[in-house]
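Below is one structure; the comments refer to it alone.
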Amino acid sequence: MIIKIIVIIAFILIIISLGSALFHLVTHKTQEQSEKTVKALTFRITLSIMLFIFIFIAFATGLFTPHGLGARMQAQKQATTAPTK
């Protein structure tokens with residue numbers, strides 16, 4: 001449950017950062033606004049990379065297990081290829 005909360009918070013922060021960058025990009029065209037846009041986009045990229053690494057580590061350690069369509073397809077594939085007695 002804590003992993004889901006961390007992922008949701010990270011996604012919300014990524015969306016907020018993207019919105020902030022868009023705001024600074026659209027409003028004023030000064031050097032200061034350009035720097036704010038770059039900082040917001042850099043923050044978003046950093047959050048995205050950290051989220052990817054976090055999900056990868058959680059999956060590798062078994063804290064996070066996929067249970068969507070891909071997991072069902074894999075289980076179905078293994079069931080059809082299992083040897084019968």
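In the structure tokens, chains take the letters A, B, ... in the order shown, each chain's residues start at 1, and ligands count up from 1 in the order shown.
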Using DSSP on the backbone coordinates, identify all residues within range 6-82 of chain A classified as alpha helix (DSSP H); present the result as number ranges by chain.
A: 6-26, 31-61, 69-81
Show which residues sit within 10 Å of range 17-33 of chain A, as a tab-separated table (two decimals) with N, CA and C atoms, in the first residue's frame. Count only C-alpha atoms, and ignore same-chain residues fewer than 6 positions away.
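What landed in selection_1.tsv:
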```tsv
chain	number	residue	atom	x	y	z
A	11	PHE	N	3.61	10.85	-9.22
A	11	PHE	CA	2.89	11.26	-10.42
A	11	PHE	C	2.27	12.65	-10.25
A	39	LYS	N	14.33	24.82	-14.83
A	39	LYS	CA	14.37	24.19	-13.51
A	39	LYS	C	13.18	23.26	-13.29
A	40	ALA	N	11.99	23.71	-13.71
A	40	ALA	CA	10.79	22.89	-13.54
A	40	ALA	C	10.87	21.62	-14.38
A	41	LEU	N	11.36	21.74	-15.61
A	41	LEU	CA	11.48	20.57	-16.47
A	41	LEU	C	12.57	19.62	-15.97
A	42	THR	N	13.65	20.17	-15.45
A	42	THR	CA	14.71	19.34	-14.87
A	42	THR	C	14.19	18.59	-13.65
A	43	PHE	N	13.41	19.25	-12.83
A	43	PHE	CA	12.81	18.61	-11.67
A	43	PHE	C	11.88	17.48	-12.10
A	44	ARG	N	11.11	17.71	-13.17
A	44	ARG	CA	10.19	16.68	-13.67
A	44	ARG	C	10.96	15.47	-14.19
A	45	ILE	N	12.01	15.71	-14.93
A	45	ILE	CA	12.81	14.60	-15.46
A	45	ILE	C	13.45	13.82	-14.32
A	47	LEU	N	12.34	13.53	-11.22
A	47	LEU	CA	11.28	12.76	-10.57
A	47	LEU	C	10.90	11.54	-11.39
```
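Nearest residue to Val7 in chain A, choosing from A:Ile55, A:Val38, A:Leu69, A:Ile49 and counting only C-alpha atoms: A:Ile55.
Between Ala58 in chain A and the candidates A:Ile2, A:Ile15, A:Ile9, A:Met73, the tightest atom-to-atom separation, counting only C-alpha atoms, involves A:Ile2.
From CA of Met1 in chain A back to CA of Thr46 in chain A, the distance works out to 23.5 Å.
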